[in-house]
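Trainee: I have a structure here, written as structure tokens, and I will follow up with some questions on it.
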Amino acid sequence: MNNIEVKMLKISILIPTYNRAQKLIKVLQNIETEIARNDTPNFLEVIISDNASPDETKSSVEAFIPNGYKISYFRQDVNVGFDRNIKFLYEQAKGDYVWYVADDDILLPGAMHEIVNGLKDTNPDVLLFSFEQPLGSTSRTFSLAESVSLITNPDKIIELVAYYPKLTMYVMRKIAFTKKDWAEVEPFCGDGYFFVVLCYSILERSNQARLTVISQPLAASDDDFIYISYSPNVFLNFHRVFLHPFVQKYLPNLANEQHRISYFAAIQLMFAIKLGTLKTDDEKQFNKDLNSFKVIPGYLVLSPRPLLQLVLLKTGLTQLYKFVKSAIKLTLNNKM
């Protein structure tokens, strides 16, 4: 499984998309620029899976004439959901590696060159890199000792693969999954993190699990990153990735340990939306999710900040909190 001849390395870029025609075209233009910068012909194809977009995605892609690469465009008859779109793209790819690119992200200059070199030099099962959010941020996702680090310790691999689950950061080996393999990961379809689960499945089937991490940022979010198009329940479900057999083999208690963290992350997301720091695409669905969000006293009793946030959310006092906090800050500034 780890014997790909590096001089013949081929990469498939996979783009799941929904209702973002103009952003998608910008991504395709961005890829074109990066392929032109790359000095080796390692890019086999770009595959788009359109999740039944109601906008002009289909006509926009058909009118786009790529320079330096081939596009394969698929349109789902119905919206199959994010995770099944991810799975579909993986099955279509013909490259030695696949690189998922979100339809609203930006590849930074030199990204493809760095990824190709990282794959050739280390021959990993999965490759990750740092991501900027927002564009221009000086904080790095990864700050490992080496600029390109190869990790073979399973515990560390498990931690890093799930550390910052942004789709565009993930490059993974393409392997042939059997029906049994797909059946193993079927329970994870719909949680929102199928690309992380795929990584664990690929690592599980390797002779020796190998993860490469590039600490340099190679992609970034666009200006609309504050708009959230998914339910807070996606955050709530994140701990489930650690139920994967590869994780359970080495860290059997991790899923239970992470459930509390996932719960707090969902509260923080909802609180940020109510404060206006982040924005939701569907206010009605957001309020429905908030109303049905369960209070777990055992998690909250010793965690004052999430407890306060959830109380404010449930009582509808978030804006009052925002006003009081701003007033206190203004008063303190005036006294200085």
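Labels used: A, B, ... for chains in the order of the structure tokens, numbers from 1 for residues in each chain, and numbers from 1 for ligands as shown.
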Contacts of Pro165 (chain A) at 9 Å or less, counting only C-alpha atoms, minus same-chain residues fewer than 4 places along, as a ChimeraX atom specification?
Mentor: /A:161,169-170,193,195-196
Trainee: Running DSSP on the backbone, which parts of region 51-298 of chain A land in alpha helix (DSSP H), as number ranges by chain?
Mentor: A: 57-63, 82-92, 111-122, 154-161, 179-185, 194-204, 232-236, 245-250, 254-275, 283-292, 297-298
Trainee: Produce a file of the selected residues containing C-alpha atoms, as a compact mmCIF listing (two decimals), in the first residue's frame.
Mentor:
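After the write, selection-v6.txt holds the following:
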# COMPACT_ATOMS: atom_id res chain seq x y z
CA THR A 57 -23.36 26.00 -10.96
CA LYS A 58 -23.85 23.59 -13.87
CA SER A 59 -23.85 26.27 -16.61
CA SER A 60 -20.93 28.12 -14.97
CA VAL A 61 -18.76 24.99 -14.95
CA GLU A 62 -19.74 24.11 -18.52
CA ALA A 63 -18.77 27.62 -19.67
CA PHE A 82 -22.01 16.66 2.52
CA ASP A 83 -20.59 13.33 3.68
CA ARG A 84 -22.01 11.25 0.83
CA ASN A 85 -20.72 13.84 -1.61
CA ILE A 86 -17.25 13.40 -0.07
CA LYS A 87 -17.54 9.61 -0.43
CA PHE A 88 -18.74 9.88 -4.03
CA LEU A 89 -15.76 12.05 -4.99
CA TYR A 90 -13.28 9.64 -3.42
CA GLU A 91 -14.75 6.77 -5.42
CA GLN A 92 -14.43 8.72 -8.70
CA ALA A 111 0.66 25.43 -2.15
CA MET A 112 0.76 22.76 -4.84
CA HIS A 113 4.54 22.78 -5.06
CA GLU A 114 4.85 22.26 -1.29
CA ILE A 115 2.27 19.47 -1.26
CA VAL A 116 3.89 17.60 -4.16
CA ASN A 117 7.30 17.82 -2.51
CA GLY A 118 5.87 16.69 0.83
CA LEU A 119 4.23 13.66 -0.76
CA LYS A 120 7.30 12.70 -2.76
CA ASP A 121 9.75 13.15 0.12
CA THR A 122 7.76 11.33 2.81
CA PRO A 154 -0.38 6.13 16.10
CA ASP A 155 -1.49 8.13 19.15
CA LYS A 156 0.03 11.33 17.74
CA ILE A 157 -1.40 10.61 14.28
CA ILE A 158 -4.90 10.22 15.74
CA GLU A 159 -4.59 13.54 17.55
CA LEU A 160 -3.27 15.51 14.57
CA VAL A 161 -5.71 14.12 12.00
CA LYS A 179 -17.90 -3.17 0.15
CA LYS A 180 -16.97 -4.39 3.63
CA ASP A 181 -14.66 -1.39 4.11
CA TRP A 182 -17.41 1.04 3.12
CA ALA A 183 -19.89 -0.75 5.38
CA GLU A 184 -17.49 -0.16 8.29
CA VAL A 185 -17.66 3.61 7.88
CA PHE A 194 -16.49 11.84 6.76
CA PHE A 195 -13.16 13.13 5.40
CA VAL A 196 -11.60 12.60 8.85
CA VAL A 197 -13.10 9.10 9.03
CA LEU A 198 -11.68 8.37 5.56
CA CYS A 199 -8.22 9.31 6.81
CA TYR A 200 -8.50 6.89 9.72
CA SER A 201 -9.64 4.11 7.36
CA ILE A 202 -6.68 4.72 5.04
CA LEU A 203 -4.26 4.77 7.97
CA GLU A 204 -5.80 1.58 9.35
CA PRO A 232 -24.41 23.25 15.70
CA ASN A 233 -25.13 19.52 15.90
CA VAL A 234 -22.19 19.02 13.53
CA PHE A 235 -19.90 20.21 16.33
CA LEU A 236 -21.82 18.08 18.80
CA PRO A 245 -11.75 1.12 14.69
CA PHE A 246 -8.29 2.65 14.04
CA VAL A 247 -8.76 5.06 16.95
CA GLN A 248 -10.38 2.45 19.19
CA LYS A 249 -7.38 0.15 18.72
CA TYR A 250 -4.97 2.68 20.26
CA LEU A 254 -10.90 9.00 23.49
CA ALA A 255 -14.47 9.20 22.13
CA ASN A 256 -15.92 9.49 25.64
CA GLU A 257 -13.30 12.03 26.65
CA GLN A 258 -13.98 14.14 23.55
CA HIS A 259 -17.77 14.14 23.92
CA ARG A 260 -17.57 16.86 26.59
CA ILE A 261 -15.29 18.97 24.38
CA SER A 262 -17.66 18.54 21.41
CA TYR A 263 -20.58 19.59 23.60
CA PHE A 264 -18.81 22.77 24.71
CA ALA A 265 -17.77 23.54 21.10
CA ALA A 266 -21.42 23.42 20.01
CA ILE A 267 -22.38 25.84 22.81
CA GLN A 268 -19.56 28.20 21.83
CA LEU A 269 -20.66 28.14 18.18
CA MET A 270 -24.27 28.97 19.06
CA PHE A 271 -23.14 31.72 21.42
CA ALA A 272 -20.92 33.29 18.72
CA ILE A 273 -23.87 33.26 16.30
CA LYS A 274 -26.19 34.91 18.82
CA LEU A 275 -23.55 37.58 19.58
CA GLU A 283 -32.01 31.53 11.36
CA LYS A 284 -35.15 29.40 11.66
CA GLN A 285 -33.23 26.12 11.71
CA PHE A 286 -30.67 27.59 14.10
CA ASN A 287 -33.38 28.51 16.61
CA LYS A 288 -34.87 25.04 16.25
CA ASP A 289 -31.48 23.48 17.00
CA LEU A 290 -31.00 25.79 19.98
CA ASN A 291 -34.40 24.95 21.45
CA SER A 292 -33.73 21.21 21.16
CA PRO A 297 -25.67 19.07 34.08
CA GLY A 298 -22.76 16.69 34.63
Trainee: Which residue is closest to Thr212 (chain A)? Choose from A:Arg173, A:Lys70, A:Lys325, A:Lys279 and count only C-alpha atoms.
Mentor: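 Checking each of A:Arg173, A:Lys70, A:Lys325, A:Lys279 against Thr212 (chain A), counting only C-alpha atoms, the winner is A:Arg173.
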Trainee: Return the single residue from A:Ile25, A:Ile228, A:Val241, A:Leu127 that is closest to Val171 (chain A), with distances computed using only C-alpha atoms.
Mentor: A:Leu127
Trainee: Using only C-alpha atoms, which of A:Val98, A:Leu167, A:Leu44, A:Leu107 sits nearest Leu14 (chain A)?
Mentor: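 Among the listed residues, A:Val98 lies closest to Leu14 (chain A).
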Trainee: I'd like the neighbourhood of Leu307 (chain A) as a VMD selection string, where a residue qualifies if any of its atoms comes within 10 Å (using only C-alpha atoms), though same-chain residues fewer than 5 positions away should be ignored.
Mentor: chain A and resid 264 267 295 to 297 299 to 302 312 to 313
Trainee: Keeping N, CA and C atoms, export the residues of the selection given above as a PDB file, in the first residue's frame.
Mentor:
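Result file follows (again.pdb):
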ATOM      1  N   PHE A 264     -19.169  21.378  24.443  1.00  0.00           N
ATOM      2  CA  PHE A 264     -18.810  22.773  24.709  1.00  0.00           C
ATOM      3  C   PHE A 264     -18.581  23.546  23.407  1.00  0.00           C
ATOM      4  N   ILE A 267     -21.879  24.683  22.045  1.00  0.00           N
ATOM      5  CA  ILE A 267     -22.380  25.836  22.814  1.00  0.00           C
ATOM      6  C   ILE A 267     -21.663  27.109  22.371  1.00  0.00           C
ATOM      7  N   VAL A 295     -29.456  20.058  27.806  1.00  0.00           N
ATOM      8  CA  VAL A 295     -28.646  20.505  28.938  1.00  0.00           C
ATOM      9  C   VAL A 295     -28.105  19.266  29.648  1.00  0.00           C
ATOM     10  N   ILE A 296     -26.777  19.185  29.748  1.00  0.00           N
ATOM     11  CA  ILE A 296     -26.141  18.046  30.428  1.00  0.00           C
ATOM     12  C   ILE A 296     -25.483  18.565  31.701  1.00  0.00           C
ATOM     13  N   PRO A 297     -26.183  18.493  32.831  1.00  0.00           N
ATOM     14  CA  PRO A 297     -25.673  19.069  34.085  1.00  0.00           C
ATOM     15  C   PRO A 297     -24.294  18.551  34.470  1.00  0.00           C
ATOM     16  N   TYR A 299     -21.778  17.841  32.710  1.00  0.00           N
ATOM     17  CA  TYR A 299     -20.716  18.532  31.976  1.00  0.00           C
ATOM     18  C   TYR A 299     -20.590  19.984  32.429  1.00  0.00           C
ATOM     19  N   LEU A 300     -21.706  20.592  32.796  1.00  0.00           N
ATOM     20  CA  LEU A 300     -21.749  22.034  33.010  1.00  0.00           C
ATOM     21  C   LEU A 300     -21.441  22.468  34.439  1.00  0.00           C
ATOM     22  N   VAL A 301     -21.659  21.591  35.395  1.00  0.00           N
ATOM     23  CA  VAL A 301     -21.582  21.995  36.794  1.00  0.00           C
ATOM     24  C   VAL A 301     -20.205  22.543  37.191  1.00  0.00           C
ATOM     25  N   LEU A 302     -19.145  22.018  36.603  1.00  0.00           N
ATOM     26  CA  LEU A 302     -17.799  22.489  36.929  1.00  0.00           C
ATOM     27  C   LEU A 302     -17.185  23.319  35.796  1.00  0.00           C
ATOM     28  N   LEU A 312     -27.628  31.908  29.015  1.00  0.00           N
ATOM     29  CA  LEU A 312     -27.966  33.101  28.239  1.00  0.00           C
ATOM     30  C   LEU A 312     -28.665  32.739  26.926  1.00  0.00           C
ATOM     31  N   LEU A 313     -28.198  31.666  26.287  1.00  0.00           N
ATOM     32  CA  LEU A 313     -28.823  31.217  25.043  1.00  0.00           C
ATOM     33  C   LEU A 313     -30.253  30.739  25.278  1.00  0.00           C
TER      34      LEU A 313
END
Trainee: Hey, can you check how far CA of Gln216 (chain A) sits from CA of Asp125 (chain A)?
Mentor: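 CA of Asp125 (chain A) lies at a distance of 19.1 Å from CA of Gln216 (chain A).
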Trainee: Distance CA of Phe43 (chain A)-CA of Val27 (chain A), one decimal place?
Mentor: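 One can read the CA of Phe43 (chain A) to CA of Val27 (chain A) distance as 15.5 Å.
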Trainee: Of the residues A:Gly81, A:Gly192, A:Pro16, A:Pro124, which is the one nearest to Ile47 (chain A), using only C-alpha atoms?
Mentor: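 Closest candidate: A:Pro16.
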